[in-house]
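*Asks:* The structure follows.
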Amino acid sequence: MSEEKKTYSVYIGSWEHDRTGKELGVRSFQFSGDGFALTDSAAPDVCVGAMYVDRRRDVLYCVDESENYPGMKEGGGGRVLAYQVNRETGALTKLSEVPAYGSRTSFVTPDETGHYLLVTNHGGKRAIIRTERSENGEYGIRMEHDETNIVLYGLNEKGALGKVLDVCRHSGCGTERANLQAHPHCVRQSPLGNLLCVCDKGADALYFYQIDHEKNTLVPCAETPYQMTPKSAPRYCVFHPEKKFLFVNYEGKNCISVFHYELDGRIREIQTTDVLQGDMEFSFKGGKRVVQSSDICIHPNGEILYNVTRGLNQIDSYRIDPESGMLTHKQTLNLPVKQGGMDTIRGFALSPDAKYLLVGALTENTVVVLDVDEEGKLAVSENCPNLDLYHPASLAFL
């Protein structure tokens, strides 16, 4: 007698930079290994840049990765939204909505205490020109961009968004970078204590903060920022669930770095390993590199790291040494989607019991289902058809 398959609530957000799509927003599905069943739709006008499901309070947070706030002809930035999740059906009820206080809002996560929500505003490439006059009377040109920052919100007992408590602005850019401004892209908190890591693509740096719970502020650590290799553009980081290891992937170089960290923000690089295996080479289009790491996560057992590479459309898995944190390559899985531009593959999500990995194939309007065996090995599911959905980019399990 076959074992009955578990059913999960899965949330998938659609994303598109120019917001011309008619099917943006968040959709809720009941998912088993045999297929998807749509249960609800929400935020139809939101270009979902990132999502997070708080399983303690059954709240879904998502961000609108827009430069234009609703009701404004141009400008105003994105939004942050909170939805109450019905644990039985997966349906969504809006709790609150607030401005993101920045544009191209790229990441959202609550802190470990559940008292705060953290958001990164990546910023766009749009700039304005200002004239300025020097002391000797000569005029010059100064370019200004939208502010890029980390925003700290308060949360009430139900998980609804409160007022902004603090904003930490990022400025400047890394050496030899084409970008003219900072681009904070991701913020995560160590599960071992009060330490936040921010990946800043524009500054080629990692920033570390702690939360002052008495003053409700973000406090930069003494040795922040940690400067990375020029043109590396760190995209995402993830902390090990039990050890003081931090893993970082990049948009500007195809590798993963491993660091040992202390809760005061001091870090030490342990290893950098290439994600291009064998004889693979970089892919270019119009002079721009399109092979980039797109997402990263760790198996709940803390023994396996997964990294997805768009352009090549592959997922690599690595064994994590429990003592040193160093990575050993285990598997490369090529996904059944066309190779192409940067946005073919976007985000992925691992089920809480680590039996399934769902991958958003953005420009193919498909979600690919992967089976995960007891050793963490991946295989394209033969039982579950790929989900047809407009521009799936962000995915999360309840």
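For the structure tokens, the naming scheme is as follows: chains receive sequential letters (A, B, ...) according to their order of presentation, residues are indexed from 1 within each chain, and ligands are indexed from 1 in presentation order.
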Skipping near chain neighbours, those fewer than 6 positions away, what residues fall within 9 Å of stretch 185-199 of chain A using only C-alpha atoms, listed as an NGL selection string?

*Replies:* :A and (105-112 or 118-122 or 150 or 205-211 or 221 or 233-244 or 246 or 248 or 262-265)

*Asks:* So that I can check the surroundings of A:Val380, please list as a list in words every protein, DNA and RNA residue that reaches within 12 Å of it, counting only C-alpha atoms and ignoring chain neighbours fewer than 6 positions away.

*Replies:* Gly33, Gln314, Ile315, Leu333, Asn334, Leu335, Pro336, Val337, Tyr356, Leu357, Leu358, Val359, Val367, Val368, Val369, Leu370, Asp371, Val372, Asp373 and Asn386 of chain A

*Asks:* Those residues with N, CA and C atoms, as a PDB file, in the first residue's frame please?

*Replies:*
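The resulting again-v8.pdb:
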```pdb
ATOM      1  N   GLY A  33       2.976  15.942  -4.213  1.00  0.00           N
ATOM      2  CA  GLY A  33       3.901  15.449  -5.218  1.00  0.00           C
ATOM      3  C   GLY A  33       3.239  15.154  -6.540  1.00  0.00           C
ATOM      4  N   GLN A 314      21.008  25.670 -13.749  1.00  0.00           N
ATOM      5  CA  GLN A 314      21.432  24.478 -13.036  1.00  0.00           C
ATOM      6  C   GLN A 314      21.370  24.725 -11.534  1.00  0.00           C
ATOM      7  N   ILE A 315      21.223  23.625 -10.803  1.00  0.00           N
ATOM      8  CA  ILE A 315      21.311  23.666  -9.351  1.00  0.00           C
ATOM      9  C   ILE A 315      22.468  22.778  -8.931  1.00  0.00           C
ATOM     10  N   LEU A 333      22.610  19.497 -11.253  1.00  0.00           N
ATOM     11  CA  LEU A 333      21.385  19.089 -11.939  1.00  0.00           C
ATOM     12  C   LEU A 333      20.995  20.173 -12.931  1.00  0.00           C
ATOM     13  N   ASN A 334      20.899  19.817 -14.206  1.00  0.00           N
ATOM     14  CA  ASN A 334      20.447  20.732 -15.239  1.00  0.00           C
ATOM     15  C   ASN A 334      18.927  20.694 -15.313  1.00  0.00           C
ATOM     16  N   LEU A 335      18.303  21.860 -15.243  1.00  0.00           N
ATOM     17  CA  LEU A 335      16.846  21.935 -15.229  1.00  0.00           C
ATOM     18  C   LEU A 335      16.281  21.888 -16.647  1.00  0.00           C
ATOM     19  N   PRO A 336      15.084  21.336 -16.815  1.00  0.00           N
ATOM     20  CA  PRO A 336      14.483  21.187 -18.148  1.00  0.00           C
ATOM     21  C   PRO A 336      13.853  22.487 -18.653  1.00  0.00           C
ATOM     22  N   VAL A 337      14.669  23.548 -18.724  1.00  0.00           N
ATOM     23  CA  VAL A 337      14.223  24.822 -19.288  1.00  0.00           C
ATOM     24  C   VAL A 337      15.318  25.318 -20.223  1.00  0.00           C
ATOM     25  N   TYR A 356      10.827  18.243  -1.279  1.00  0.00           N
ATOM     26  CA  TYR A 356      10.636  18.861  -2.590  1.00  0.00           C
ATOM     27  C   TYR A 356      11.384  20.194  -2.656  1.00  0.00           C
ATOM     28  N   LEU A 357      11.863  20.498  -3.856  1.00  0.00           N
ATOM     29  CA  LEU A 357      12.447  21.800  -4.142  1.00  0.00           C
ATOM     30  C   LEU A 357      11.721  22.355  -5.359  1.00  0.00           C
ATOM     31  N   LEU A 358      11.113  23.541  -5.213  1.00  0.00           N
ATOM     32  CA  LEU A 358      10.395  24.180  -6.312  1.00  0.00           C
ATOM     33  C   LEU A 358      11.235  25.322  -6.853  1.00  0.00           C
ATOM     34  N   VAL A 359      11.335  25.403  -8.179  1.00  0.00           N
ATOM     35  CA  VAL A 359      12.190  26.401  -8.825  1.00  0.00           C
ATOM     36  C   VAL A 359      11.349  27.236  -9.782  1.00  0.00           C
ATOM     37  N   VAL A 367       7.009  26.634 -13.045  1.00  0.00           N
ATOM     38  CA  VAL A 367       7.634  26.214 -11.799  1.00  0.00           C
ATOM     39  C   VAL A 367       8.025  24.749 -11.950  1.00  0.00           C
ATOM     40  N   VAL A 368       9.310  24.469 -11.791  1.00  0.00           N
ATOM     41  CA  VAL A 368       9.825  23.115 -11.930  1.00  0.00           C
ATOM     42  C   VAL A 368       9.847  22.441 -10.559  1.00  0.00           C
ATOM     43  N   VAL A 369       9.353  21.211 -10.512  1.00  0.00           N
ATOM     44  CA  VAL A 369       9.298  20.447  -9.266  1.00  0.00           C
ATOM     45  C   VAL A 369      10.445  19.444  -9.234  1.00  0.00           C
ATOM     46  N   LEU A 370      11.235  19.498  -8.161  1.00  0.00           N
ATOM     47  CA  LEU A 370      12.328  18.549  -7.964  1.00  0.00           C
ATOM     48  C   LEU A 370      12.049  17.699  -6.727  1.00  0.00           C
ATOM     49  N   ASP A 371      12.302  16.405  -6.857  1.00  0.00           N
ATOM     50  CA  ASP A 371      12.239  15.505  -5.706  1.00  0.00           C
ATOM     51  C   ASP A 371      13.584  15.526  -4.989  1.00  0.00           C
ATOM     52  N   VAL A 372      13.557  15.449  -3.661  1.00  0.00           N
ATOM     53  CA  VAL A 372      14.772  15.424  -2.855  1.00  0.00           C
ATOM     54  C   VAL A 372      14.771  14.127  -2.058  1.00  0.00           C
ATOM     55  N   ASP A 373      15.816  13.286  -2.225  1.00  0.00           N
ATOM     56  CA  ASP A 373      15.843  12.029  -1.488  1.00  0.00           C
ATOM     57  C   ASP A 373      16.425  12.221  -0.091  1.00  0.00           C
ATOM     58  N   ASN A 386       5.062  20.364 -14.419  1.00  0.00           N
ATOM     59  CA  ASN A 386       5.486  21.721 -14.130  1.00  0.00           C
ATOM     60  C   ASN A 386       4.273  22.647 -14.080  1.00  0.00           C
TER      61      ASN A 386
END
```

*Asks:* Show which residues sit within 8 Å of A:Pro385, as number ranges by chain. Count only C-alpha atoms, and ignore same-chain residues fewer than 2 positions away.

*Replies:* A: 34-35, 368-369, 381-383, 387

*Asks:* Might you pull out every residue within 12 Å of A:Glu16, with only C-alpha atoms counted and same-chain residues fewer than 4 positions away left off, and present them as an MDAnalysis selection string?

*Replies:* chainID A and resid 20:25 45:49 64:66 104 343 346 362:363 365 390:394

*Asks:* Using DSSP assignments from the backbone, pull out every residue in stretch 39-187 of chain A that falls under strand (DSSP E) and give it to me as a ChimeraX atom specification.

*Replies:* /A:39-42,48-54,59-64,79-85,92-99,105-110,116-121,127-133,139-145,148-155,161-170,184-187

*Asks:* Find the nearest atom pair between each residue of stretch 200-252 of chain A and stretch 307-311 of chain A for residues within 10 Å, count only C-alpha atoms, give distances in Å to one decimal, sort rows by chain and ascending number, and present the table as a tab-separated table.

*Replies:*
```
residue	atom	partner	partner_atom	distance
A:Val248	CA	A:Asn307	CA	9.9
A:Asn249	CA	A:Asn307	CA	8.0
A:Tyr250	CA	A:Thr309	CA	10.0
A:Glu251	CA	A:Thr309	CA	9.5
```

*Asks:* Go ahead and write the selection's residues with N, CA, C and O atoms as a compact mmCIF listing (two decimals), in the first residue's frame.

*Replies:*
```
# COMPACT_ATOMS: atom_id res chain seq x y z
N VAL A 248 27.88 32.84 1.03
CA VAL A 248 27.52 33.98 0.19
C VAL A 248 27.68 33.60 -1.28
O VAL A 248 28.69 33.00 -1.67
N ASN A 249 26.66 33.93 -2.11
CA ASN A 249 26.83 33.81 -3.55
C ASN A 249 26.86 35.19 -4.20
O ASN A 249 26.66 36.20 -3.53
N TYR A 250 27.12 35.23 -5.51
CA TYR A 250 27.43 36.49 -6.16
C TYR A 250 26.76 36.60 -7.53
O TYR A 250 26.47 35.58 -8.17
N GLU A 251 26.59 37.83 -7.98
CA GLU A 251 26.17 38.08 -9.36
C GLU A 251 27.36 38.35 -10.26
O GLU A 251 27.30 38.10 -11.46
```
